[in-house]
Amino acid sequence: MSGEEKQDGSLREYYVGVDLGGTKMLAALVASDGSIIAQEEIPTLAKQGADSVLDRLGSLIEGLLAASPGGRGIVRGIGVATAGTLDTAKGVVTYASNLGWRDVAVASVLSDRFACAVRLENDATAAAAGEWLAGAGEGSPDCLFVTISTGIGGGIISGGRLIAGTNHNAGELGHITIDGNGMLCPCGNVGCLELYASGTAIGRRGAEHVRRAAEGASSHGALARLAGGDPDRVDARLVAAAAAEGDADASGILREAGRALGIGLVSIFHLLNPQVVVLGGGASHIGEPLLAPMREIIEERCLPSIRSQVRFVASALGSSAGAVGAALLMTRNDN
């Protein structure tokens, strides 16, 4: 691939990080120190099929390279962060429900197009790597990344090593059981953490309240008003907005979600003894109405020798964490 020369006559080299989701995909050119040279996000349009998505992703990467400072250079490696079940050795997405994919050879398609190494990584693991190598967890040898969003996921750094697991699916924090007699999860387990503490769970509880209010079975507070009486309009952000207006029911929903999150984290802390916990994902932005009850449970139930070492920090990279992490993992594994 042709590229513009640097002052010493060598071609500029780039690493590309991709966060491939069911709704949108983000691609970034990332320097070896984790700084983002350029990035762009476009809709995934997953219903158009895998071939179309990968072709558009290739065009997105080419556009970034062409528009980057210094002109087009050599792609040294591409890291792709995505959800689902992965065969990382072969670079294949074996199953991804959010994309509707089965056995899609992502790595070979992109490596043929860009003539470089391509690495697949679990999206939460990649985000953890981004925060650890260039974000809020930088410098910590024992770091836990927790994303609270549609579901709950995470990534683990222990002893200065990224813990990926046998097939790179370690960190499924959302499927830790916190209620052995609880709700059935789509994963097949019961009582999974994300059924009680994710953004989806908060929205579901809020919708149930609005539905009961419409039927006259509960009070008509700020949540029902903000939803216009329509349960389908309720999500975690609406519940948070109602709580900010003093809605007791909305505040109670957030408190219960925060307590559930704390219960799950206590077990994780006892297993991993982390130094830094990075909180990311849209629902984490709810802030104290969710996080204060989480901390209360941790204070009550976690062994003092473990909880005293934990420092909570907010994600520094935000929605770019997965792409940055995927790219930086290529700088460490690009041979």
# chains A, B, ... in the order shown; residues from 1 in each chain; ligands from 1

call {"tool": "residues_around", "arguments": {"residues": "Tyr196 of chain A", "least_positions_apart": "4", "cutoff": "12 Å", "atoms": "only C-alpha atoms", "output": "PDB file with C-alpha atoms, in the first residue's frame"}}
result
ATOM      1  CA  ILE A 148     -23.070  -0.602  32.645  1.00  0.00           C
ATOM      2  CA  SER A 149     -25.110  -0.217  29.504  1.00  0.00           C
ATOM      3  CA  THR A 150     -27.684  -2.315  27.637  1.00  0.00           C
ATOM      4  CA  GLY A 151     -26.082  -5.190  29.510  1.00  0.00           C
ATOM      5  CA  ILE A 152     -23.201  -5.401  31.952  1.00  0.00           C
ATOM      6  CA  GLY A 174     -23.283  -9.435  33.726  1.00  0.00           C
ATOM      7  CA  HIS A 175     -23.920 -13.165  33.966  1.00  0.00           C
ATOM      8  CA  ILE A 176     -22.747 -13.620  37.519  1.00  0.00           C
ATOM      9  CA  THR A 177     -25.673 -14.983  39.529  1.00  0.00           C
ATOM     10  CA  ILE A 178     -26.901 -12.695  42.292  1.00  0.00           C
ATOM     11  CA  ASP A 179     -30.281 -14.428  42.828  1.00  0.00           C
ATOM     12  CA  GLY A 182     -34.338 -15.094  40.151  1.00  0.00           C
ATOM     13  CA  MET A 183     -35.476 -14.243  36.670  1.00  0.00           C
ATOM     14  CA  LEU A 184     -34.553 -16.376  33.684  1.00  0.00           C
ATOM     15  CA  CYS A 185     -31.853 -14.755  31.565  1.00  0.00           C
ATOM     16  CA  VAL A 190     -31.167 -17.402  36.283  1.00  0.00           C
ATOM     17  CA  GLY A 191     -30.685 -14.327  38.450  1.00  0.00           C
ATOM     18  CA  CYS A 192     -27.940 -12.768  36.307  1.00  0.00           C
ATOM     19  CA  THR A 200     -32.088  -2.293  30.250  1.00  0.00           C
ATOM     20  CA  ALA A 201     -33.130  -3.522  33.701  1.00  0.00           C
ATOM     21  CA  ILE A 202     -33.634   0.033  34.954  1.00  0.00           C
ATOM     22  CA  GLY A 203     -35.732   0.863  31.903  1.00  0.00           C
ATOM     23  CA  ARG A 204     -37.802  -2.305  32.314  1.00  0.00           C
ATOM     24  CA  ARG A 205     -38.559  -1.531  35.941  1.00  0.00           C
ATOM     25  CA  ILE A 253     -35.609   1.788  41.038  1.00  0.00           C
ATOM     26  CA  LEU A 254     -32.122   3.284  40.843  1.00  0.00           C
ATOM     27  CA  ARG A 255     -31.389   2.392  44.433  1.00  0.00           C
ATOM     28  CA  GLU A 256     -32.335  -1.257  43.897  1.00  0.00           C
ATOM     29  CA  ALA A 257     -30.256  -1.402  40.717  1.00  0.00           C
ATOM     30  CA  GLY A 258     -27.290   0.103  42.545  1.00  0.00           C
ATOM     31  CA  ARG A 259     -27.616  -2.396  45.384  1.00  0.00           C
ATOM     32  CA  ALA A 260     -27.741  -5.266  42.888  1.00  0.00           C
ATOM     33  CA  LEU A 261     -24.617  -3.911  41.207  1.00  0.00           C
ATOM     34  CA  GLY A 262     -22.883  -3.752  44.576  1.00  0.00           C
ATOM     35  CA  ILE A 263     -23.809  -7.357  45.379  1.00  0.00           C
ATOM     36  CA  GLY A 264     -22.295  -8.517  42.101  1.00  0.00           C
TER      37      GLY A 264
END

call {"tool": "residues_around", "arguments": {"residues": "Pro304 of chain A", "least_positions_apart": "5", "cutoff": "12 Å", "atoms": "only C-alpha atoms", "output": "NGL selection string"}}
result
:A and (266 or 269-270 or 273 or 298-299 or 309-310)

call {"tool": "write_last_selection", "arguments": {"atoms": "C-alpha atoms", "output": "CSV table (one decimal), in the first residue's frame"}}
result
chain,number,residue,atom,x,y,z
A,266,VAL,CA,-18.5,-7.8,46.1
A,269,PHE,CA,-13.8,-8.1,44.3
A,270,HIS,CA,-13.3,-11.1,46.5
A,273,ASN,CA,-8.8,-8.0,44.6
A,298,ILE,CA,-19.7,-2.9,49.0
A,299,GLU,CA,-19.0,-1.2,52.4
A,309,GLN,CA,-7.7,-1.1,48.3
A,310,VAL,CA,-10.3,-0.3,45.6

call {"tool": "closest_atom_pairs", "arguments": {"of": "segment 4-70 of chain A", "to": "segment 81-99 of chain A", "cutoff": "7 Å", "atoms": "only C-alpha atoms", "output": "Markdown table"}}
result
| residue | atom | partner | partner_atom | distance |
| --- | --- | --- | --- | --- |
| A:Val18 | CA | A:Ala81 | CA | 5.9 |
| A:Asp19 | CA | A:Ala81 | CA | 4.8 |
| A:Leu20 | CA | A:Thr82 | CA | 5.1 |
| A:Gly21 | CA | A:Thr82 | CA | 6.2 |
| A:Gly22 | CA | A:Asn98 | CA | 4.7 |
| A:Ala46 | CA | A:Leu99 | CA | 5.5 |

call {"tool": "closest_residue", "arguments": {"among": "A:Ala127, A:Asp232, A:Ser319, A:Arg311", "to": "Gln39 of chain A", "atoms": "only C-alpha atoms"}}
result
A:Ser319

call {"tool": "atom_distance", "arguments": {"atom1": "atom CA of Ala236 of chain A", "atom2": "atom CA of Arg295 of chain A"}}
result
19.6 Å

call {"tool": "residues_around", "arguments": {"residues": "Asp112 of chain A", "least_positions_apart": "5", "cutoff": "12 Å", "atoms": "only C-alpha atoms", "output": "list of chain:residue names"}}
result
A:Met1, A:Leu54, A:Asp55, A:Gly58, A:Ile78, A:Ala105, A:Val106, A:Ala107, A:Ala117, A:Val118

call {"tool": "closest_residue", "arguments": {"among": "A:Ala28, A:Ala38, A:Arg212, A:Leu265", "to": "Glu296 of chain A", "atoms": "only C-alpha atoms"}}
result
A:Leu265

call {"tool": "residues_around", "arguments": {"residues": "Val75 of chain A", "least_positions_apart": "4", "cutoff": "6 Å", "atoms": "only C-alpha atoms", "output": "list in words"}}
result
Glu13, Tyr14 and Tyr15 of chain A

call {"tool": "closest_residue", "arguments": {"among": "A:Gln48, A:Ser35, A:Asn181, A:Asn169", "to": "Ala321 of chain A", "atoms": "only C-alpha atoms"}}
result
A:Ser35

call {"tool": "select_by_dssp", "arguments": {"residues": "segment 93-152 of chain A", "states": "strand (DSSP E or B)", "output": "number ranges by chain"}}
result
A: 93-96, 101-104, 117-122, 143-148, 152

call {"tool": "atom_distance", "arguments": {"atom1": "atom CA of Ala50 of chain A", "atom2": "atom CA of Val109 of chain A"}}
result
10.6 Å

call {"tool": "closest_atom_pairs", "arguments": {"of": "segment 179-277 of chain A", "to": "segment 159-164 of chain A", "cutoff": "12 Å", "atoms": "only C-alpha atoms", "output": "CSV"}}
result
residue,atom,partner,partner_atom,distance
A:Leu272,CA,A:Gly159,CA,10.1
A:Asn273,CA,A:Gly159,CA,10.6
A:Pro274,CA,A:Gly159,CA,9.7
A:Gln275,CA,A:Gly159,CA,10.4

call {"tool": "select_by_dssp", "arguments": {"residues": "segment 74-123 of chain A", "states": "alpha helix (DSSP H)", "output": "ChimeraX atom specification"}}
result
/A:106-114,123
